[in-house]
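K.L.:
Sharing work.txt below, compact mmCIF, C-alpha atoms and all ligand atoms:
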```txt
# COMPACT_ATOMS: atom_id res chain seq x y z
CA MET A 1 0.00 0.00 0.00
CA LYS A 2 1.61 3.24 -1.14
CA ILE A 3 0.94 6.60 0.54
CA LEU A 4 1.65 9.73 -1.45
CA LEU A 5 1.28 13.42 -0.61
CA ASP A 6 -1.03 15.51 -2.79
CA THR A 7 0.77 18.81 -2.40
CA ALA A 8 3.60 21.03 -3.59
CA ASP A 9 4.31 22.53 -0.17
CA ILE A 10 8.05 21.98 0.16
CA ASP A 11 8.24 22.41 3.95
CA PHE A 12 5.44 19.94 4.50
CA ILE A 13 6.94 17.40 2.07
CA LYS A 14 10.35 17.66 3.78
CA LYS A 15 8.84 17.21 7.24
CA ALA A 16 6.57 14.34 6.24
CA ASN A 17 9.38 12.58 4.38
CA ASP A 18 11.69 12.90 7.43
CA THR A 19 9.12 11.67 9.92
CA TYR A 20 6.98 9.08 8.15
CA VAL A 21 7.27 6.61 5.33
CA ILE A 22 5.88 8.20 2.19
CA ASP A 23 6.10 6.79 -1.32
CA GLY A 24 5.88 9.88 -3.46
CA VAL A 25 4.14 13.14 -4.32
CA THR A 26 1.34 14.09 -6.69
CA THR A 27 0.62 17.60 -7.91
CA ASN A 28 -1.89 19.16 -10.24
CA PRO A 29 -2.08 22.58 -11.94
CA SER A 30 -4.27 24.02 -9.16
CA ILE A 31 -1.79 22.93 -6.49
CA LEU A 32 1.24 24.25 -8.40
CA SER A 33 -0.42 27.57 -9.22
CA LYS A 34 -0.70 28.32 -5.49
CA GLN A 35 3.07 28.16 -4.93
CA LYS A 36 5.16 31.31 -4.67
CA ILE A 37 8.06 30.04 -6.76
CA HIS A 38 8.15 28.88 -10.40
CA TYR A 39 6.61 25.46 -10.98
CA ILE A 40 9.80 24.00 -12.48
CA ASP A 41 11.75 24.96 -9.36
CA VAL A 42 9.02 23.52 -7.14
CA LEU A 43 9.05 20.20 -9.01
CA GLN A 44 12.88 20.10 -8.99
CA GLU A 45 12.88 20.68 -5.24
CA ILE A 46 10.29 17.92 -4.71
CA ARG A 47 12.35 15.58 -6.90
CA SER A 48 15.45 16.22 -4.82
CA ILE A 49 13.60 15.60 -1.52
CA LEU A 50 12.13 12.36 -2.84
CA GLY A 51 15.32 11.01 -4.40
CA ASP A 52 15.23 8.82 -7.50
CA LYS A 53 13.11 5.94 -6.23
CA LYS A 54 10.00 7.60 -4.82
CA THR A 55 7.41 8.53 -7.40
CA LEU A 56 6.66 12.05 -8.61
CA HIS A 57 3.37 12.49 -10.48
CA ALA A 58 3.20 15.82 -12.37
CA GLN A 59 0.26 16.85 -14.52
CA VAL A 60 0.08 18.27 -18.04
CA ILE A 61 -1.86 21.48 -18.67
CA ASN A 62 -2.98 21.13 -22.28
CA GLN A 63 -6.10 19.40 -23.59
CA ASP A 64 -4.84 18.67 -27.08
CA ALA A 65 -3.04 15.36 -27.71
CA GLU A 66 -0.10 16.88 -29.56
CA GLN A 67 0.50 19.46 -26.83
CA ILE A 68 -0.03 16.88 -24.06
CA ILE A 69 2.65 14.70 -25.66
CA LYS A 70 5.05 17.68 -25.85
CA GLU A 71 4.47 18.48 -22.17
CA ALA A 72 4.79 14.84 -21.16
CA GLU A 73 8.11 14.43 -22.99
CA PHE A 74 9.36 17.62 -21.34
CA LEU A 75 8.36 16.41 -17.84
CA HIS A 76 9.83 12.98 -18.54
CA THR A 77 13.24 14.34 -19.59
CA THR A 78 13.42 17.20 -17.08
CA PHE A 79 12.50 15.30 -13.92
CA GLN A 80 14.65 12.21 -14.03
CA GLY A 81 13.92 9.36 -11.65
CA ASN A 82 10.57 7.83 -11.03
CA ILE A 83 8.35 10.30 -12.92
CA TYR A 84 4.73 9.65 -13.91
CA VAL A 85 2.98 12.10 -16.19
CA LYS A 86 -0.59 12.76 -15.07
CA ILE A 87 -2.94 12.98 -18.02
CA PRO A 88 -6.69 13.61 -17.68
CA VAL A 89 -9.08 11.01 -19.09
CA ILE A 90 -10.44 13.20 -21.90
CA PRO A 91 -10.48 11.86 -25.50
CA GLU A 92 -7.25 13.68 -26.44
CA GLY A 93 -5.78 12.44 -23.18
CA TYR A 94 -6.39 8.78 -24.06
CA LYS A 95 -4.79 9.39 -27.45
CA ALA A 96 -1.71 10.90 -25.82
CA MET A 97 -1.56 8.07 -23.23
CA LYS A 98 -1.50 5.46 -25.98
CA TYR A 99 1.31 7.25 -27.80
CA LEU A 100 3.41 7.89 -24.68
CA THR A 101 3.08 4.49 -23.02
CA GLU A 102 4.10 2.79 -26.28
CA ARG A 103 7.32 4.83 -25.90
CA ASN A 104 7.85 3.84 -22.27
CA ILE A 105 6.82 7.14 -20.73
CA LYS A 106 4.91 6.28 -17.57
CA VAL A 107 1.42 7.70 -17.22
CA THR A 108 -1.02 8.27 -14.36
CA ALA A 109 -4.52 8.75 -15.74
CA THR A 110 -6.23 11.43 -13.69
CA ALA A 111 -9.65 13.04 -13.11
CA VAL A 112 -11.24 9.58 -13.15
CA PHE A 113 -14.90 9.51 -12.08
CA THR A 114 -16.13 6.16 -13.41
CA PRO A 115 -14.86 2.57 -13.63
CA GLN A 116 -15.33 2.76 -17.41
CA GLN A 117 -12.88 5.65 -17.68
CA ALA A 118 -10.42 3.68 -15.55
CA LEU A 119 -10.75 0.66 -17.82
CA MET A 120 -10.14 2.73 -20.95
CA ALA A 121 -7.08 4.34 -19.34
CA ALA A 122 -5.73 0.91 -18.44
CA LYS A 123 -6.26 -0.18 -22.06
CA ALA A 124 -4.29 2.92 -23.13
CA GLY A 125 -1.36 1.72 -21.03
CA ALA A 126 -1.63 3.89 -17.89
CA SER A 127 0.43 2.64 -14.94
CA TYR A 128 -1.99 4.22 -12.46
CA VAL A 129 -5.53 5.57 -12.54
CA ALA A 130 -6.56 8.26 -10.07
CA PRO A 131 -10.26 8.20 -9.14
CA TYR A 132 -11.42 11.33 -7.23
CA VAL A 133 -13.20 9.85 -4.23
CA ASN A 134 -14.46 12.98 -2.48
CA ARG A 135 -15.44 14.76 -5.69
CA ILE A 136 -17.56 11.71 -6.55
CA ASP A 137 -19.13 11.80 -3.07
CA ASN A 138 -19.84 15.51 -3.57
CA ILE A 139 -22.12 14.80 -6.53
CA SER A 140 -24.09 12.20 -4.55
CA GLY A 141 -22.05 9.35 -5.99
CA ASN A 142 -20.15 6.78 -3.95
CA GLY A 143 -16.41 7.26 -4.34
CA VAL A 144 -15.52 4.17 -2.35
CA ASN A 145 -17.73 1.99 -4.57
CA VAL A 146 -16.18 3.45 -7.71
CA VAL A 147 -12.72 2.56 -6.39
CA ALA A 148 -13.87 -0.93 -5.36
CA ASP A 149 -15.33 -1.52 -8.85
CA ILE A 150 -12.11 -0.40 -10.53
CA VAL A 151 -10.06 -2.74 -8.32
CA THR A 152 -12.40 -5.63 -9.20
CA ILE A 153 -12.31 -4.92 -12.95
CA PHE A 154 -8.50 -4.73 -12.97
CA GLN A 155 -8.25 -7.98 -10.99
CA THR A 156 -10.85 -9.76 -13.12
CA TYR A 157 -9.04 -8.98 -16.35
CA GLN A 158 -5.55 -9.20 -14.83
CA LEU A 159 -4.69 -5.67 -15.87
CA GLN A 160 -1.37 -4.41 -14.48
CA THR A 161 -2.65 -0.85 -13.95
CA GLN A 162 -2.83 0.17 -10.28
CA VAL A 163 -5.32 2.37 -8.49
CA LEU A 164 -3.97 5.59 -7.00
CA ALA A 165 -7.06 6.88 -5.21
CA ALA A 166 -7.19 10.67 -4.81
CA SER A 167 -9.35 13.50 -3.45
CA PHE A 168 -10.16 12.80 0.20
CA LYS A 169 -11.93 14.78 2.85
CA ASN A 170 -11.55 12.36 5.73
CA THR A 171 -9.67 9.29 6.89
CA GLU A 172 -12.76 7.05 6.81
CA GLN A 173 -12.80 7.32 3.01
CA ILE A 174 -9.16 6.19 3.04
CA GLN A 175 -9.83 3.25 5.37
CA LYS A 176 -12.66 2.07 3.12
CA ILE A 177 -10.73 2.28 -0.12
CA CYS A 178 -7.83 0.42 1.52
CA LEU A 179 -10.26 -2.37 2.42
CA ALA A 180 -11.42 -2.36 -1.21
CA GLY A 181 -7.86 -3.25 -2.24
CA THR A 182 -6.54 -0.03 -3.75
CA GLN A 183 -2.77 -0.04 -4.25
CA ALA A 184 -2.05 3.62 -3.47
CA VAL A 185 -3.58 6.81 -2.07
CA THR A 186 -2.59 10.44 -2.37
CA VAL A 187 -3.64 12.74 0.44
CA ASN A 188 -3.43 16.44 1.26
CA GLU A 189 -1.77 17.82 4.39
CA ASP A 190 -4.95 18.08 6.43
CA VAL A 191 -6.08 14.49 5.87
CA PHE A 192 -2.52 13.15 6.07
CA SER A 193 -2.02 14.63 9.55
CA LYS A 194 -5.19 12.88 10.74
CA LEU A 195 -3.91 9.47 9.68
CA PHE A 196 -1.53 9.42 12.64
CA CYS A 197 -3.33 11.06 15.54
CA HIS A 198 -5.91 10.27 18.15
CA PRO A 199 -6.74 12.31 21.29
CA LEU A 200 -6.79 9.11 23.36
CA THR A 201 -3.25 8.32 22.27
CA ASP A 202 -2.14 11.75 23.53
CA TRP A 203 -4.10 11.32 26.77
CA SER A 204 -2.62 7.85 27.38
CA VAL A 205 0.95 8.96 26.74
CA ASN A 206 0.57 12.05 28.95
CA THR A 207 -0.83 9.91 31.78
CA PHE A 208 2.15 7.53 31.52
CA THR A 209 4.53 10.48 31.81
CA GLU A 210 2.69 12.08 34.74
CA ASP A 211 2.52 8.81 36.71
CA TRP A 212 6.20 8.16 36.13
CA GLN A 213 7.24 11.66 37.15
CA LYS A 214 5.28 11.46 40.43
CA THR A 215 7.65 8.68 41.54
CA TYR A 216 10.83 9.16 39.56
CA GLY A 217 10.84 12.84 38.56
CA GLN A 218 12.82 13.46 35.36
CA LYS A 219 14.74 10.15 35.56
CA ILE A 220 14.71 8.15 32.35
CA MET A 221 15.10 4.38 31.98
CA SER A 222 18.82 4.55 31.22
CA ASP A 223 19.65 6.69 34.32
C1 LIG A 301 -5.39 14.06 -7.76
O1 LIG A 301 -4.67 13.75 -8.67
C2 LIG A 301 -5.84 15.42 -7.52
O2 LIG A 301 -4.66 16.21 -7.48
C3 LIG A 301 -6.48 15.63 -6.18
O3 LIG A 301 -6.39 14.50 -5.37
C4 LIG A 301 -7.83 16.25 -6.17
O4 LIG A 301 -8.15 16.44 -4.82
P1 LIG A 301 -9.23 17.51 -4.32
O5 LIG A 301 -10.56 17.02 -4.79
O6 LIG A 301 -9.11 17.47 -2.84
O7 LIG A 301 -8.83 18.81 -4.92
```
I need this file expressed as structure tokens, please.
Ligand code: E4P
P.N.:
Amino acid sequence: MKILLDTADIDFIKKANDTYVIDGVTTNPSILSKQKIHYIDVLQEIRSILGDKKTLHAQVINQDAEQIIKEAEFLHTTFQGNIYVKIPVIPEGYKAMKYLTERNIKVTATAVFTPQQALMAAKAGASYVAPYVNRIDNISGNGVNVVADIVTIFQTYQLQTQVLAASFKNTEQIQKICLAGTQAVTVNEDVFSKLFCHPLTDWSVNTFTEDWQKTYGQKIMSD
């Protein structure tokens, strides 16, 4: 199960990468446009924090196959290492996916809302598909079910494409898509921070410390 960060916030990525085990970073044009420095510098910085092995998923801007291919080739050659080009599942996007994956440029199909779109992206050679769980929930759909159906279809037809579930508002959505068998999730800072915490954990640990200090003061086990 891979956990990626859906952000371009360098400080947060550094801190999360130092403290926890993360498998990569995803960005999109909205995320990159909120940064104060140029997007190329942001992506370079993320690449250097991640090293060569962890995955970086960077998205194209254009909606025309020829331009998508140009952008994808640029991203592929500029950001060495484990780079996946995110391409939306629009008709021109599928066309570009087919062209690029035949030339060994790795693709993450993004903005996926239905299992059918995921299937077509897998047929076009995408390594990952990214269904938008919370955005599906927001239109009275069921994001978890969409992810579960994609996982089942890929398993049934032994497709190698993996599911990189995206767009979360809470950790329950993540728990449920994990149970459905998704291979990877990408989460923003707010949801990521909630994956690790519980008030009862804090209360328990503080009680241990207080009880110990009543008897032993500041002494630690090795004293
Ligand atoms: C995924 O590729 C997208 O960048 C992202 O997860 C969308 O998330 P949002 O719906 O929280 O914006």
K.L.:
Quick one: 5 Å padding each side, axis-aligned, all listed atoms of ligand LIG 301 (chain A) - centre and edge lengths in Å to one decimal, as AutoDock Vina command-line options?
P.N.:
```
--center_x -7.6 --center_y 16.3 --center_z -5.8 --size_x 15.9 --size_y 15.1 --size_z 15.8
```
K.L.:
Between A:Val151, A:Leu179, A:Ile174, A:Val144, which has the minimum distance to A:Ala122 (counting all atoms listed in the file)?
P.N.:
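Result for the nearest residue to A:Ala122: A:Val151.
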K.L.:
At a cut-off of 9 Å and counting all atoms listed in the file, what residues surround ligand LIG 301 (chain A)? Please answer as a ChimeraX atom specification.
P.N.:
/A:6-7,26-31,57-59,86,108-112,130-136,164-169,185-188
K.L.:
Restricted to C-alpha atoms, what would the selected residues look like written as a PDB file, keeping the file's coordinate frame?
P.N.:
```pdb
ATOM      1  CA  ASP A   6      -1.030  15.510  -2.790  1.00  0.00           C
ATOM      2  CA  THR A   7       0.770  18.810  -2.400  1.00  0.00           C
ATOM      3  CA  THR A  26       1.340  14.090  -6.690  1.00  0.00           C
ATOM      4  CA  THR A  27       0.620  17.600  -7.910  1.00  0.00           C
ATOM      5  CA  ASN A  28      -1.890  19.160 -10.240  1.00  0.00           C
ATOM      6  CA  PRO A  29      -2.080  22.580 -11.940  1.00  0.00           C
ATOM      7  CA  SER A  30      -4.270  24.020  -9.160  1.00  0.00           C
ATOM      8  CA  ILE A  31      -1.790  22.930  -6.490  1.00  0.00           C
ATOM      9  CA  HIS A  57       3.370  12.490 -10.480  1.00  0.00           C
ATOM     10  CA  ALA A  58       3.200  15.820 -12.370  1.00  0.00           C
ATOM     11  CA  GLN A  59       0.260  16.850 -14.520  1.00  0.00           C
ATOM     12  CA  LYS A  86      -0.590  12.760 -15.070  1.00  0.00           C
ATOM     13  CA  THR A 108      -1.020   8.270 -14.360  1.00  0.00           C
ATOM     14  CA  ALA A 109      -4.520   8.750 -15.740  1.00  0.00           C
ATOM     15  CA  THR A 110      -6.230  11.430 -13.690  1.00  0.00           C
ATOM     16  CA  ALA A 111      -9.650  13.040 -13.110  1.00  0.00           C
ATOM     17  CA  VAL A 112     -11.240   9.580 -13.150  1.00  0.00           C
ATOM     18  CA  ALA A 130      -6.560   8.260 -10.070  1.00  0.00           C
ATOM     19  CA  PRO A 131     -10.260   8.200  -9.140  1.00  0.00           C
ATOM     20  CA  TYR A 132     -11.420  11.330  -7.230  1.00  0.00           C
ATOM     21  CA  VAL A 133     -13.200   9.850  -4.230  1.00  0.00           C
ATOM     22  CA  ASN A 134     -14.460  12.980  -2.480  1.00  0.00           C
ATOM     23  CA  ARG A 135     -15.440  14.760  -5.690  1.00  0.00           C
ATOM     24  CA  ILE A 136     -17.560  11.710  -6.550  1.00  0.00           C
ATOM     25  CA  LEU A 164      -3.970   5.590  -7.000  1.00  0.00           C
ATOM     26  CA  ALA A 165      -7.060   6.880  -5.210  1.00  0.00           C
ATOM     27  CA  ALA A 166      -7.190  10.670  -4.810  1.00  0.00           C
ATOM     28  CA  SER A 167      -9.350  13.500  -3.450  1.00  0.00           C
ATOM     29  CA  PHE A 168     -10.160  12.800   0.200  1.00  0.00           C
ATOM     30  CA  LYS A 169     -11.930  14.780   2.850  1.00  0.00           C
ATOM     31  CA  VAL A 185      -3.580   6.810  -2.070  1.00  0.00           C
ATOM     32  CA  THR A 186      -2.590  10.440  -2.370  1.00  0.00           C
ATOM     33  CA  VAL A 187      -3.640  12.740   0.440  1.00  0.00           C
ATOM     34  CA  ASN A 188      -3.430  16.440   1.260  1.00  0.00           C
TER      35      ASN A 188
END
```
K.L.:
What is the distance between atom CA of A:Gln158 and atom CA of A:Val60, in Å to one decimal?
P.N.:
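For atom CA of A:Gln158 relative to atom CA of A:Val60, the distance reads 28.2 Å.
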K.L.:
Considering all atoms listed in the file, state which residue in the set A:Thr78, A:Val107, A:Gln183, A:Gln117 is at the smallest distance from A:Pro91.
P.N.:
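Of the candidates, the smallest distance to A:Pro91 is held by A:Gln117.
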K.L.:
Using all atoms listed in the file, determine which residues lie at most 10 Å from A:Phe196, disregarding the query and same-chain residues fewer than 4 positions distant; provide the list as an MDAnalysis selection string.
P.N.:
chainID A and resid 20 171 191:192 201
K.L.:
Counting all atoms listed in the file, figure out which residue out of A:Gln67, A:Asn145, A:Thr161, A:Thr156 gets nearest to A:Met120.
P.N.:
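When distances to A:Met120 are compared using all atoms listed in the file, the smallest one comes from A:Thr161.
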K.L.:
I'd like the interatomic distance between atom CA of A:Glu189 and atom CA of A:Lys15, to a tenth of an Å.
P.N.:
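Computed distance, atom CA of A:Glu189 to atom CA of A:Lys15, equals 11.0 Å.
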K.L.:
Go ahead and compute the interatomic distance for atom CA of A:Gly217 and atom CA of A:Asp202, in Å to one decimal.
P.N.:
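Answer for the atom CA of A:Gly217 to atom CA of A:Asp202 separation: 19.9 Å.
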K.L.:
Any idea what's packed within 12 Å of A:Phe74, counting all atoms listed in the file, ignoring anything in its chain fewer than 5 positions away? Could you give it as a VMD selection string?
P.N.:
chain A and resid 40 58 to 60 67 to 69 79 to 80 83 to 85 100 105
K.L.:
Okay, now the selection with C-alpha atoms, as a PDB file, in the frame of the given file?
P.N.:
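Now in selection_21.pdb:
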```pdb
ATOM      1  CA  ILE A  40       9.800  24.000 -12.480  1.00  0.00           C
ATOM      2  CA  ALA A  58       3.200  15.820 -12.370  1.00  0.00           C
ATOM      3  CA  GLN A  59       0.260  16.850 -14.520  1.00  0.00           C
ATOM      4  CA  VAL A  60       0.080  18.270 -18.040  1.00  0.00           C
ATOM      5  CA  GLN A  67       0.500  19.460 -26.830  1.00  0.00           C
ATOM      6  CA  ILE A  68      -0.030  16.880 -24.060  1.00  0.00           C
ATOM      7  CA  ILE A  69       2.650  14.700 -25.660  1.00  0.00           C
ATOM      8  CA  PHE A  79      12.500  15.300 -13.920  1.00  0.00           C
ATOM      9  CA  GLN A  80      14.650  12.210 -14.030  1.00  0.00           C
ATOM     10  CA  ILE A  83       8.350  10.300 -12.920  1.00  0.00           C
ATOM     11  CA  TYR A  84       4.730   9.650 -13.910  1.00  0.00           C
ATOM     12  CA  VAL A  85       2.980  12.100 -16.190  1.00  0.00           C
ATOM     13  CA  LEU A 100       3.410   7.890 -24.680  1.00  0.00           C
ATOM     14  CA  ILE A 105       6.820   7.140 -20.730  1.00  0.00           C
TER      15      ILE A 105
END
```
